[in-house]
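The data block below is input_14.cif; it holds mmCIF, C-alpha atoms and all ligand atoms.
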data_my_file
loop_
_atom_site.label_atom_id
_atom_site.label_comp_id
_atom_site.auth_asym_id
_atom_site.auth_seq_id
_atom_site.Cartn_x
_atom_site.Cartn_y
_atom_site.Cartn_z
CA MET Y 945 0.00 0.00 0.00
CA LYS Y 946 1.18 3.51 -0.72
CA SER Y 947 1.64 5.94 2.14
CA SER Y 948 0.14 9.44 1.94
CA SER Y 949 1.72 12.74 2.89
CA ALA Y 950 0.05 14.80 5.64
CA LYS Y 951 -1.47 17.17 3.04
CA ASP Y 952 -2.86 14.32 0.93
CA LYS Y 953 -4.49 12.82 4.02
CA ARG Y 954 -7.39 15.20 3.37
CA LYS Y 955 -7.88 13.79 -0.13
CA VAL Y 956 -9.30 10.44 0.84
CA LEU Y 957 -8.72 8.80 -2.55
CA LYS Y 958 -5.41 10.43 -3.43
CA ASN Y 959 -2.75 7.79 -4.24
CA LYS Y 960 -5.08 4.96 -3.29
CA ASN Y 961 -4.90 1.74 -5.29
CA ILE Y 962 -8.41 0.59 -6.10
CA LEU Y 963 -9.08 -2.83 -7.58
CA LEU Y 964 -12.41 -2.56 -9.40
CA GLY Y 965 -14.26 -5.75 -10.32
CA VAL Y 966 -16.86 -5.45 -13.08
CA THR Y 967 -19.31 -8.32 -13.45
CA GLY Y 968 -21.94 -9.33 -15.98
CA GLY Y 969 -24.93 -7.15 -15.26
CA ALA Y 970 -26.86 -4.58 -17.25
CA ALA Y 971 -25.34 -1.80 -15.10
CA ALA Y 972 -21.78 -2.68 -16.19
CA TYR Y 973 -21.57 0.43 -18.38
CA LYS Y 974 -21.76 2.59 -15.23
CA ALA Y 975 -18.36 1.20 -14.23
CA VAL Y 976 -16.83 3.57 -16.82
CA ASP Y 977 -18.12 6.62 -14.98
CA LEU Y 978 -17.09 5.15 -11.63
CA THR Y 979 -13.56 4.51 -12.93
CA ARG Y 980 -13.29 8.04 -14.30
CA ARG Y 981 -14.51 9.58 -11.05
CA LEU Y 982 -12.12 7.54 -8.93
CA LYS Y 983 -9.24 8.64 -11.16
CA GLU Y 984 -10.32 12.28 -10.97
CA GLU Y 985 -10.07 12.02 -7.19
CA GLY Y 986 -6.47 10.83 -7.44
CA ALA Y 987 -6.87 7.04 -7.21
CA THR Y 988 -5.14 4.48 -9.40
CA VAL Y 989 -7.73 2.07 -10.75
CA THR Y 990 -6.99 -1.47 -11.92
CA VAL Y 991 -10.03 -3.10 -13.51
CA ILE Y 992 -10.75 -6.82 -13.48
CA MET Y 993 -13.61 -7.88 -15.74
CA THR Y 994 -15.43 -11.20 -15.62
CA ASP Y 995 -15.98 -12.94 -18.95
CA ALA Y 996 -19.73 -12.31 -18.64
CA SER Y 997 -19.21 -8.57 -18.20
CA LYS Y 998 -17.63 -8.34 -21.67
CA ASN Y 999 -21.07 -9.02 -23.14
CA PHE Y 1000 -22.19 -5.69 -21.69
CA ILE Y 1001 -19.15 -3.45 -22.09
CA THR Y 1002 -15.82 -3.65 -23.90
CA PRO Y 1003 -12.52 -3.84 -22.00
CA LEU Y 1004 -11.34 -0.95 -24.17
CA SER Y 1005 -13.84 1.48 -22.58
CA LEU Y 1006 -12.49 0.63 -19.14
CA GLU Y 1007 -8.90 0.74 -20.37
CA ILE Y 1008 -9.48 4.27 -21.65
CA ALA Y 1009 -11.26 5.34 -18.45
CA SER Y 1010 -8.64 3.83 -16.11
CA GLY Y 1011 -5.56 4.52 -18.24
CA ASN Y 1012 -4.48 0.99 -17.36
CA ARG Y 1013 -4.62 -2.44 -18.89
CA VAL Y 1014 -7.80 -4.35 -17.98
CA TYR Y 1015 -7.42 -7.90 -16.73
CA SER Y 1016 -9.70 -10.92 -16.70
CA ASP Y 1017 -7.71 -14.10 -17.33
CA LEU Y 1018 -6.44 -15.87 -14.22
CA PHE Y 1019 -3.64 -17.55 -16.15
CA ASP Y 1020 -2.64 -14.63 -18.37
CA THR Y 1021 -0.50 -12.81 -15.79
CA PRO Y 1022 0.72 -15.50 -13.39
CA MET Y 1023 0.26 -14.69 -9.72
CA SER Y 1024 -1.85 -11.60 -10.43
CA HIS Y 1025 -4.52 -13.10 -8.14
CA ILE Y 1026 -2.04 -12.56 -5.28
CA THR Y 1027 -0.05 -9.51 -6.42
CA PHE Y 1028 -3.03 -7.31 -7.43
CA PRO Y 1029 -4.88 -7.67 -4.12
CA ALA Y 1030 -1.63 -7.27 -2.17
CA ALA Y 1031 -1.03 -3.89 -3.84
CA ALA Y 1032 -4.64 -2.69 -3.42
CA ASP Y 1033 -6.02 -0.44 -0.68
CA LEU Y 1034 -9.61 -1.45 -1.41
CA MET Y 1035 -11.62 -3.73 -3.70
CA VAL Y 1036 -14.96 -2.62 -5.13
CA ILE Y 1037 -17.30 -4.74 -7.21
CA ALA Y 1038 -19.65 -2.59 -9.28
CA PRO Y 1039 -21.94 -3.90 -10.50
CA ALA Y 1040 -21.91 -7.03 -8.38
CA THR Y 1041 -23.98 -9.87 -9.84
CA ALA Y 1042 -25.87 -12.44 -7.79
CA ASN Y 1043 -23.27 -14.87 -9.16
CA ILE Y 1044 -20.14 -13.09 -7.79
CA ILE Y 1045 -21.85 -12.50 -4.44
CA GLY Y 1046 -22.76 -16.19 -4.25
CA LYS Y 1047 -19.25 -17.27 -5.22
CA PHE Y 1048 -17.59 -14.93 -2.73
CA ALA Y 1049 -19.92 -16.04 0.08
CA ARG Y 1050 -19.07 -19.70 -0.59
CA GLY Y 1051 -15.34 -19.18 -1.12
CA ILE Y 1052 -15.39 -20.15 -4.78
CA ALA Y 1053 -12.35 -19.01 -6.76
CA ASP Y 1054 -12.78 -20.00 -10.39
CA ASP Y 1055 -11.70 -16.85 -12.25
CA LEU Y 1056 -9.37 -13.90 -11.69
CA LEU Y 1057 -11.92 -11.70 -9.88
CA SER Y 1058 -13.25 -14.33 -7.47
CA THR Y 1059 -9.71 -15.52 -6.71
CA CYS Y 1060 -8.56 -11.94 -6.02
CA LEU Y 1061 -11.52 -11.50 -3.63
CA LEU Y 1062 -10.36 -14.49 -1.60
CA SER Y 1063 -6.73 -13.41 -1.39
CA PHE Y 1064 -7.53 -9.75 -0.55
CA ARG Y 1065 -7.18 -8.69 3.09
CA GLY Y 1066 -8.61 -5.15 3.00
CA LYS Y 1067 -12.10 -3.64 2.77
CA VAL Y 1068 -14.41 -4.86 0.03
CA VAL Y 1069 -17.30 -2.68 -1.19
CA ILE Y 1070 -20.02 -4.31 -3.30
CA ALA Y 1071 -22.74 -2.59 -5.33
CA PRO Y 1072 -25.31 -5.31 -6.06
CA ALA Y 1073 -27.44 -4.82 -9.18
CA MET Y 1074 -29.99 -7.27 -10.54
CA ASN Y 1075 -33.67 -7.95 -11.17
CA TRP Y 1076 -35.79 -7.61 -8.02
CA ARG Y 1077 -36.77 -11.31 -8.08
CA MET Y 1078 -33.10 -12.27 -7.96
CA TYR Y 1079 -32.41 -9.67 -5.26
CA GLU Y 1080 -35.26 -10.80 -3.05
CA ASN Y 1081 -34.46 -14.49 -3.46
CA PRO Y 1082 -33.81 -15.81 0.05
CA ILE Y 1083 -30.77 -17.82 -1.09
CA PHE Y 1084 -29.20 -14.68 -2.54
CA GLN Y 1085 -30.12 -12.68 0.58
CA LYS Y 1086 -28.45 -15.30 2.77
CA ASN Y 1087 -25.25 -15.00 0.73
CA LEU Y 1088 -25.38 -11.21 0.91
CA GLN Y 1089 -25.96 -11.15 4.67
CA TYR Y 1090 -23.12 -13.62 5.14
CA LEU Y 1091 -20.72 -11.28 3.34
CA ILE Y 1092 -21.95 -8.29 5.39
CA SER Y 1093 -21.41 -10.27 8.60
CA HIS Y 1094 -17.79 -10.65 7.48
CA GLY Y 1095 -17.29 -6.89 7.08
CA VAL Y 1096 -18.09 -6.50 3.39
CA VAL Y 1097 -19.67 -3.07 2.77
CA GLN Y 1098 -22.88 -3.07 0.75
CA VAL Y 1099 -23.95 0.04 -1.16
CA GLY Y 1100 -27.39 0.05 -2.80
CA PRO Y 1101 -29.30 -1.23 -4.63
CA GLU Y 1102 -32.08 1.29 -5.11
CA LYS Y 1103 -35.71 0.91 -6.02
CA GLY Y 1104 -36.72 2.07 -9.47
CA SER Y 1105 -37.14 1.01 -13.05
CA LEU Y 1106 -34.85 -1.92 -13.86
CA ALA Y 1107 -33.09 -2.81 -17.12
CA CYS Y 1108 -35.65 -5.60 -17.71
CA GLY Y 1109 -38.44 -3.01 -17.78
CA GLU Y 1110 -39.84 -3.97 -14.38
CA GLU Y 1111 -40.06 -1.78 -11.30
CA GLY Y 1112 -38.52 -2.85 -8.03
CA ILE Y 1113 -35.40 -3.03 -5.93
CA GLY Y 1114 -32.23 -3.84 -7.84
CA ARG Y 1115 -30.88 -0.70 -9.54
CA MET Y 1116 -27.19 -0.23 -8.85
CA ALA Y 1117 -26.48 2.58 -6.38
CA ASP Y 1118 -25.67 5.96 -7.86
CA VAL Y 1119 -21.96 6.38 -8.67
CA ASN Y 1120 -21.72 9.24 -6.11
CA GLU Y 1121 -22.94 6.89 -3.41
CA ILE Y 1122 -20.48 4.19 -4.39
CA ILE Y 1123 -17.66 6.76 -4.22
CA GLU Y 1124 -18.90 7.89 -0.79
CA ALA Y 1125 -18.99 4.26 0.43
CA ILE Y 1126 -15.41 3.75 -0.81
CA LYS Y 1127 -14.23 6.93 0.91
CA SER Y 1128 -15.98 5.92 4.10
CA ALA Y 1129 -14.39 2.46 4.02
CA LEU Y 1130 -10.97 4.10 3.61
CA SER Y 1131 -11.48 6.76 6.30
CA ASN Y 1132 -10.05 6.71 9.77
CA LYS Y 1133 -13.00 6.49 12.23
CA ASP Y 1134 -11.59 9.08 14.63
CA LEU Y 1135 -14.99 10.72 15.28
CA LEU Y 1136 -16.82 7.56 16.29
CA LYS Y 1137 -17.76 8.97 19.69
CA GLU Y 1138 -19.08 12.28 18.38
CA ARG Y 1139 -22.62 13.46 17.74
CA ILE Y 1140 -22.27 16.44 15.43
CA ILE Y 1141 -24.87 19.01 14.41
CA VAL Y 1142 -24.02 20.67 11.10
CA THR Y 1143 -26.05 23.58 9.80
CA ALA Y 1144 -25.94 24.37 6.09
CA GLY Y 1145 -27.41 26.51 3.35
CA PRO Y 1146 -29.26 29.82 3.41
CA THR Y 1147 -32.39 30.83 5.31
CA ARG Y 1148 -35.42 32.63 3.91
CA GLU Y 1149 -36.96 35.59 5.69
CA TYR Y 1150 -40.48 36.08 4.40
CA ILE Y 1151 -41.79 39.51 3.45
CA ASP Y 1152 -45.22 38.17 2.45
CA PRO Y 1153 -46.45 34.66 1.53
CA VAL Y 1154 -44.63 34.68 -1.82
CA ARG Y 1155 -41.53 36.83 -1.32
CA PHE Y 1156 -38.52 36.41 0.86
CA ILE Y 1157 -35.04 37.77 1.56
CA SER Y 1158 -32.30 35.19 1.29
CA ASN Y 1159 -28.61 34.93 0.42
CA ARG Y 1160 -26.28 33.20 -2.04
CA SER Y 1161 -25.25 30.27 0.16
CA SER Y 1162 -25.38 26.98 -1.81
CA GLY Y 1163 -24.97 24.73 1.23
CA LYS Y 1164 -21.93 23.02 -0.34
CA MET Y 1165 -19.56 23.69 2.59
CA GLY Y 1166 -21.98 22.39 5.23
CA TYR Y 1167 -22.91 19.31 3.20
CA ALA Y 1168 -19.20 18.56 2.67
CA ILE Y 1169 -18.66 18.75 6.44
CA ALA Y 1170 -21.65 16.47 7.07
CA ARG Y 1171 -20.35 13.89 4.57
CA ALA Y 1172 -16.82 13.98 5.99
CA ALA Y 1173 -18.11 13.67 9.58
CA LEU Y 1174 -20.18 10.62 8.60
CA ARG Y 1175 -17.20 9.00 6.91
CA ARG Y 1176 -15.13 9.54 10.05
CA GLY Y 1177 -17.70 7.68 12.12
CA SER Y 1178 -19.71 10.50 13.70
CA GLU Y 1179 -23.46 10.56 14.17
CA VAL Y 1180 -24.59 13.57 12.15
CA THR Y 1181 -27.68 15.77 12.29
CA LEU Y 1182 -27.73 18.05 9.26
CA ILE Y 1183 -29.98 21.07 9.71
CA SER Y 1184 -30.36 22.50 6.26
CA GLY Y 1185 -31.89 25.61 4.79
CA PRO Y 1186 -33.40 25.35 1.28
CA CYS Y 1187 -30.82 24.11 -1.22
CA SER Y 1188 -30.65 21.74 -4.15
CA LEU Y 1189 -27.98 19.35 -2.85
CA MET Y 1190 -28.54 15.64 -2.29
CA PRO Y 1191 -28.20 14.90 1.42
CA PRO Y 1192 -25.89 11.95 2.10
CA ARG Y 1193 -27.44 8.74 3.38
CA GLY Y 1194 -26.94 7.75 6.98
CA LEU Y 1195 -27.54 11.10 8.66
CA LYS Y 1196 -30.53 12.73 10.26
CA LEU Y 1197 -31.75 15.51 7.98
CA VAL Y 1198 -33.82 18.37 9.36
CA THR Y 1199 -35.01 20.86 6.75
CA VAL Y 1200 -35.81 24.42 7.78
CA GLU Y 1201 -36.64 27.68 6.05
CA THR Y 1202 -36.30 30.70 8.31
CA ALA Y 1203 -33.67 31.79 10.85
CA ASP Y 1204 -36.27 31.14 13.57
CA ASP Y 1205 -36.82 27.57 12.29
CA MET Y 1206 -33.06 27.06 12.21
CA ARG Y 1207 -32.72 28.27 15.80
CA ASN Y 1208 -35.53 26.02 17.00
CA ALA Y 1209 -34.10 22.98 15.23
CA VAL Y 1210 -30.57 23.58 16.58
CA LEU Y 1211 -31.81 24.11 20.14
CA GLN Y 1212 -34.01 21.01 19.93
CA HIS Y 1213 -31.06 18.79 18.93
CA LEU Y 1214 -28.45 20.53 21.08
CA PRO Y 1215 -28.79 18.38 24.23
CA GLU Y 1216 -27.47 15.28 22.42
CA ALA Y 1217 -24.68 17.05 20.53
CA THR Y 1218 -20.97 16.95 21.35
CA VAL Y 1219 -20.04 19.33 18.51
CA VAL Y 1220 -21.97 22.04 16.64
CA ILE Y 1221 -20.65 23.29 13.31
CA MET Y 1222 -22.66 26.25 12.06
CA ALA Y 1223 -21.87 26.50 8.35
CA ALA Y 1224 -25.32 27.84 7.41
CA ALA Y 1225 -25.62 31.42 6.21
CA VAL Y 1226 -28.39 32.39 8.61
CA GLY Y 1227 -30.02 35.65 7.52
CA ASP Y 1228 -28.93 38.53 9.75
CA PHE Y 1229 -32.09 40.53 9.16
CA THR Y 1230 -35.75 39.66 8.94
CA PRO Y 1231 -38.74 41.89 8.08
CA GLN Y 1232 -40.22 43.48 11.18
CA THR Y 1233 -43.68 42.40 10.05
CA LYS Y 1234 -44.62 39.64 7.67
CA GLU Y 1235 -47.70 40.49 5.60
CA GLN Y 1236 -50.35 37.76 5.59
CA THR Y 1237 -51.32 38.47 1.97
CA LYS Y 1238 -49.23 39.32 -1.07
CA ILE Y 1239 -48.12 42.97 -1.03
CA GLU Y 1240 -49.58 44.81 -3.99
CA LYS Y 1241 -47.26 46.08 -6.70
CA SER Y 1242 -46.44 49.80 -6.33
CA ASP Y 1243 -43.76 52.28 -7.36
CA GLU Y 1244 -41.98 52.07 -4.07
CA LEU Y 1245 -41.88 49.92 -0.96
CA THR Y 1246 -40.22 50.77 2.31
CA MET Y 1247 -39.57 47.94 4.67
CA ARG Y 1248 -38.18 47.83 8.19
CA LEU Y 1249 -35.92 44.94 9.08
CA LYS Y 1250 -34.99 43.67 12.50
CA LYS Y 1251 -32.14 41.49 13.71
CA SER Y 1252 -32.65 37.73 13.29
CA PRO Y 1253 -31.82 35.36 16.15
CA ASP Y 1254 -28.06 35.02 16.69
CA ILE Y 1255 -27.83 31.25 17.19
CA LEU Y 1256 -24.04 31.15 17.45
CA SER Y 1257 -23.81 33.59 20.34
CA GLU Y 1258 -26.84 32.05 22.05
CA ILE Y 1259 -25.03 28.68 22.19
CA GLY Y 1260 -21.70 30.40 22.86
CA SER Y 1261 -23.06 31.89 26.08
CA MET Y 1262 -24.36 28.57 27.43
CA ARG Y 1263 -22.48 27.07 30.33
CA ASN Y 1264 -22.42 23.41 29.37
CA ARG Y 1265 -22.23 23.67 25.66
CA PRO Y 1266 -20.74 21.38 22.99
CA LEU Y 1267 -17.61 22.29 21.02
CA LEU Y 1268 -18.78 25.25 18.96
CA ILE Y 1269 -17.61 26.17 15.48
CA GLY Y 1270 -18.90 29.14 13.50
CA PHE Y 1271 -18.14 30.56 10.09
CA ALA Y 1272 -17.27 34.11 9.11
CA ALA Y 1273 -17.91 34.76 5.44
CA GLU Y 1274 -16.49 38.21 4.82
CA THR Y 1275 -16.08 40.40 1.76
CA GLY Y 1276 -12.39 41.22 1.77
CA ASN Y 1277 -9.54 39.99 3.90
CA ARG Y 1278 -11.29 40.87 7.20
CA LEU Y 1279 -9.53 38.43 9.49
CA ASP Y 1280 -9.83 41.07 12.21
CA ARG Y 1281 -13.63 40.76 12.09
CA ALA Y 1282 -13.45 36.99 12.26
CA ARG Y 1283 -11.13 37.18 15.30
CA LYS Y 1284 -13.58 39.57 16.94
CA LYS Y 1285 -16.45 37.21 16.14
CA LEU Y 1286 -14.64 34.34 17.86
CA ILE Y 1287 -14.49 36.31 21.12
CA GLU Y 1288 -17.86 38.06 20.91
CA LYS Y 1289 -19.82 34.91 20.07
CA GLY Y 1290 -17.98 32.73 22.55
CA ALA Y 1291 -17.12 30.11 19.91
CA ASP Y 1292 -14.17 27.70 20.05
CA ILE Y 1293 -13.33 28.04 16.36
CA ILE Y 1294 -14.27 30.50 13.65
CA VAL Y 1295 -13.66 29.43 10.09
CA PHE Y 1296 -12.92 32.54 8.05
CA ASN Y 1297 -13.33 32.80 4.32
CA ASP Y 1298 -13.24 35.77 1.99
CA VAL Y 1299 -16.18 35.22 -0.34
CA THR Y 1300 -14.80 37.71 -2.86
CA SER Y 1301 -11.47 35.93 -3.30
CA ALA Y 1302 -11.10 33.79 -6.47
CA GLY Y 1303 -12.41 30.22 -6.09
CA SER Y 1304 -13.69 30.92 -2.59
CA GLY Y 1305 -17.19 31.35 -1.26
CA PHE Y 1306 -20.64 30.77 -2.74
CA ASP Y 1307 -21.63 28.04 -5.14
CA VAL Y 1308 -18.11 26.89 -6.01
CA ASP Y 1309 -16.52 23.59 -5.05
CA THR Y 1310 -13.40 25.18 -3.58
CA ASN Y 1311 -12.68 27.37 -0.59
CA LYS Y 1312 -9.75 29.17 0.99
CA ILE Y 1313 -10.19 29.14 4.73
CA THR Y 1314 -8.38 30.25 7.87
CA ILE Y 1315 -9.19 28.29 11.03
CA ILE Y 1316 -9.14 30.78 13.90
CA GLU Y 1317 -8.87 29.70 17.53
CA ARG Y 1318 -7.97 31.68 20.62
CA ASP Y 1319 -4.37 30.50 20.65
CA ARG Y 1320 -3.71 29.55 17.04
CA GLU Y 1321 -4.55 30.36 13.44
CA THR Y 1322 -4.18 28.03 10.47
CA ALA Y 1323 -4.33 29.66 7.03
CA LEU Y 1324 -4.96 26.99 4.44
CA PRO Y 1325 -4.41 27.27 0.68
CA LEU Y 1326 -7.24 27.10 -1.87
CA MET Y 1327 -8.64 23.57 -1.70
CA THR Y 1328 -11.84 21.65 -2.42
CA LYS Y 1329 -14.66 22.12 0.08
CA GLU Y 1330 -14.27 18.45 0.85
CA GLU Y 1331 -10.62 18.96 1.84
CA ALA Y 1332 -11.56 22.07 3.82
CA ALA Y 1333 -14.18 19.96 5.64
CA GLU Y 1334 -11.54 17.36 6.50
CA ALA Y 1335 -9.20 20.11 7.78
CA ILE Y 1336 -11.92 21.50 10.08
CA LEU Y 1337 -12.71 18.01 11.37
CA ASP Y 1338 -8.99 17.38 11.96
CA ARG Y 1339 -9.14 20.24 14.49
CA VAL Y 1340 -12.37 18.87 15.98
CA SER Y 1341 -10.69 15.50 16.35
CA ASP Y 1342 -7.63 17.04 18.05
CA LEU Y 1343 -9.73 19.19 20.41
CA ARG Y 1344 -12.05 16.34 21.39
CA ALA Y 1345 -9.22 13.82 21.92
C1 LIG Y 1401 -29.15 -9.51 -20.59
C2 LIG Y 1401 -28.68 -10.04 -19.26
C3 LIG Y 1401 -28.65 -9.19 -18.20
C4 LIG Y 1401 -28.21 -9.64 -16.94
N1 LIG Y 1401 -28.20 -8.76 -15.91
C5 LIG Y 1401 -27.82 -9.22 -14.70
C6 LIG Y 1401 -27.80 -8.34 -13.60
O1 LIG Y 1401 -28.11 -7.14 -13.70
N2 LIG Y 1401 -27.43 -8.83 -12.38
C7 LIG Y 1401 -27.08 -10.13 -12.20
O2 LIG Y 1401 -26.78 -10.53 -11.08
N3 LIG Y 1401 -27.06 -10.97 -13.25
C8 LIG Y 1401 -27.41 -10.57 -14.48
N4 LIG Y 1401 -27.38 -11.42 -15.54
C9 LIG Y 1401 -26.90 -12.80 -15.33
C10 LIG Y 1401 -25.39 -12.85 -15.29
O3 LIG Y 1401 -24.84 -12.30 -16.47
C11 LIG Y 1401 -24.92 -14.28 -15.10
O4 LIG Y 1401 -25.35 -14.76 -13.84
C12 LIG Y 1401 -23.43 -14.43 -15.23
O5 LIG Y 1401 -23.08 -15.79 -15.01
C13 LIG Y 1401 -22.67 -13.55 -14.26
O6 LIG Y 1401 -21.30 -13.81 -14.33
P1 LIG Y 1401 -20.22 -12.97 -13.52
O7 LIG Y 1401 -20.73 -12.84 -12.14
O8 LIG Y 1401 -19.00 -13.82 -13.61
O9 LIG Y 1401 -20.04 -11.69 -14.23
C14 LIG Y 1401 -27.80 -10.98 -16.79
C15 LIG Y 1401 -27.81 -11.82 -17.90
C16 LIG Y 1401 -28.26 -11.38 -19.11
C17 LIG Y 1401 -28.26 -12.31 -20.27
#

What is this file in structure tokens?
Amino acid sequence: MKSSSAKDKRKVLKNKNILLGVTGGAAAYKAVDLTRRLKEEGATVTVIMTDASKNFITPLSLEIASGNRVYSDLFDTPMSHITFPAAADLMVIAPATANIIGKFARGIADDLLSTCLLSFRGKVVIAPAMNWRMYENPIFQKNLQYLISHGVVQVGPEKGSLACGEEGIGRMADVNEIIEAIKSALSNKDLLKERIIVTAGPTREYIDPVRFISNRSSGKMGYAIARAALRRGSEVTLISGPCSLMPPRGLKLVTVETADDMRNAVLQHLPEATVVIMAAAVGDFTPQTKEQTKIEKSDELTMRLKKSPDILSEIGSMRNRPLLIGFAAETGNRLDRARKKLIEKGADIIVFNDVTSAGSGFDVDTNKITIIERDRETALPLMTKEEAAEAILDRVSDLRA
């Protein structure tokens, strides 16, 4: 296995050797996208195809996607059934047929992929995909449960329309979910004891029943933190304002609209939390009065706004509070304001970012943050929001240790 540098530790898939098994199911074509995505995230992908899978997809497509030779013959490269697994950090089978699951559960090794599965000592992720009758067959289920009881990680399948034209359970999990399962299997579970509340997205402050004041927050930073916390073993409650992101599976999602809703939801879940990470852009102002009917169109409208609830300082002033992390999104390099916020709000950490700096801030996948604490400051370079999330959780892990 390759070792990672401290910086690459935040890129879960960077320099990881993934052995991808592709088996003979209708979803085999999705393995191309999976391979490409794993490579984009810095992994080296070696693909092993079963003979049956070549009826669904050509080895060439996977060779192009992986940039590597594709293997399937046990006797073509002698000892590959031992050397490939020995060099791999993780094995993933996507799609995984009923056949490979049955063979693996019974210890059958009659081709390169099934033999590699038996000689591999690391984590195995399987993404079953098949007709619902096959999936619900009790013999198949017994095999699947047997593998799970031996630590194999199952991702999917989903309910939906199947390749055969029927509806039911059996669609291979979405590629994003398979990637997330792989990352989780490769992540250090250093937050196993934590129960983390993460807030994300914007809030809406209603003017009348159809109009509201909101902000440009996309929710990406908060969702990235929630995903990373889940991977690292934490229980996560994600309290999210309106946004279009897919919440990860395995967390408790609470959806809210207004700053008041957000406050109520945070306070309701606070007693169980060990850490609160407030990445939501909670509106600072709300209309003093909300009209019950739509305000009529006119040439001019004057509106009075009042301060919205300040959830961060409310928690910051509590005596027995969890570890508290807030965000300071500023326009310009206003580290001074973020430092002031840390003290005034009584938080343990303020994560500063300049939303006007290139690649940082709203609706982009990258961020340039400074982690501000009372006795230390860590200025990080521009990185993906996922890496920034890992960096924040590294501090949480250190402080909670
Ligand atoms: C058109 C077609 C589609 C198939 N789709 C699936 C499938 O989605 N899942 C599955 O478990 N088997 C499926 N099968 C059956 C497998 O291809 C068969 O069990 C094969 O032996 C699997 O071999 P492998 O596990 O070595 O790839 C399909 C077969 C055909 C002919």

Q: Around ligand LIG 1401 (chain Y), at most 7 Å away and counting all atoms listed in the file, which residues are there? Put them as a VMD selection string, please.
A: chain Y and resid 967 to 971 994 to 997 1040 to 1044 1073 to 1075

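Separating CA of Pro1231 in chain Y from CA of Phe1296 in chain Y is a distance of 27.5 Å.
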
**Q.** Exercise: range 1283-1287 of chain Y partners within 12 Å, all atoms listed in the file, chain neighbours under 2 positions left out, as a ChimeraX atom specification
**A.** /Y:1254,1256-1257,1260-1261,1268-1274,1277-1281,1289-1296,1314-1321

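Take CA of Asn1120 in chain Y and CA of Pro1101 in chain Y: the distance between them is 13.0 Å.
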
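Note that CA of Gln1212 in chain Y and CA of Leu1136 in chain Y are 22.1 Å apart.
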
For range 1273-1285 of chain Y, where the input has fewer atoms than it should, I would like N, CA and C atoms rebuilt and written as a CSV table (one decimal), in the frame of the given file.
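Okay, this is what ended up in part-v7.csv:
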chain,number,residue,atom,x,y,z
Y,1273,ALA,N,-18.1,34.5,6.9
Y,1273,ALA,CA,-17.9,34.8,5.4
Y,1273,ALA,C,-17.8,36.3,5.3
Y,1274,GLU,N,-16.7,36.8,4.9
Y,1274,GLU,CA,-16.5,38.2,4.8
Y,1274,GLU,C,-16.2,38.6,3.4
Y,1275,THR,N,-16.5,39.9,3.1
Y,1275,THR,CA,-16.1,40.4,1.8
Y,1275,THR,C,-14.8,41.2,2.0
Y,1276,GLY,N,-13.7,40.6,1.5
Y,1276,GLY,CA,-12.4,41.2,1.8
Y,1276,GLY,C,-11.7,40.4,2.9
Y,1277,ASN,N,-10.4,40.8,3.0
Y,1277,ASN,CA,-9.5,40.0,3.9
Y,1277,ASN,C,-9.7,40.5,5.3
Y,1278,ARG,N,-11.0,40.3,5.9
Y,1278,ARG,CA,-11.3,40.9,7.2
Y,1278,ARG,C,-11.1,39.8,8.3
Y,1279,LEU,N,-9.8,39.4,8.4
Y,1279,LEU,CA,-9.5,38.4,9.5
Y,1279,LEU,C,-9.8,39.0,10.9
Y,1280,ASP,N,-9.6,40.4,10.9
Y,1280,ASP,CA,-9.8,41.1,12.2
Y,1280,ASP,C,-11.3,40.9,12.7
Y,1281,ARG,N,-12.2,40.9,11.7
Y,1281,ARG,CA,-13.6,40.8,12.1
Y,1281,ARG,C,-13.9,39.3,12.5
Y,1282,ALA,N,-13.3,38.4,11.9
Y,1282,ALA,CA,-13.4,37.0,12.3
Y,1282,ALA,C,-12.9,36.7,13.7
Y,1283,ARG,N,-11.7,37.4,13.9
Y,1283,ARG,CA,-11.1,37.2,15.3
Y,1283,ARG,C,-12.1,37.8,16.4
Y,1284,LYS,N,-12.7,38.9,16.0
Y,1284,LYS,CA,-13.6,39.6,16.9
Y,1284,LYS,C,-14.8,38.7,17.2
Y,1285,LYS,N,-15.3,38.1,16.1
Y,1285,LYS,CA,-16.4,37.2,16.1
Y,1285,LYS,C,-16.2,36.0,17.1
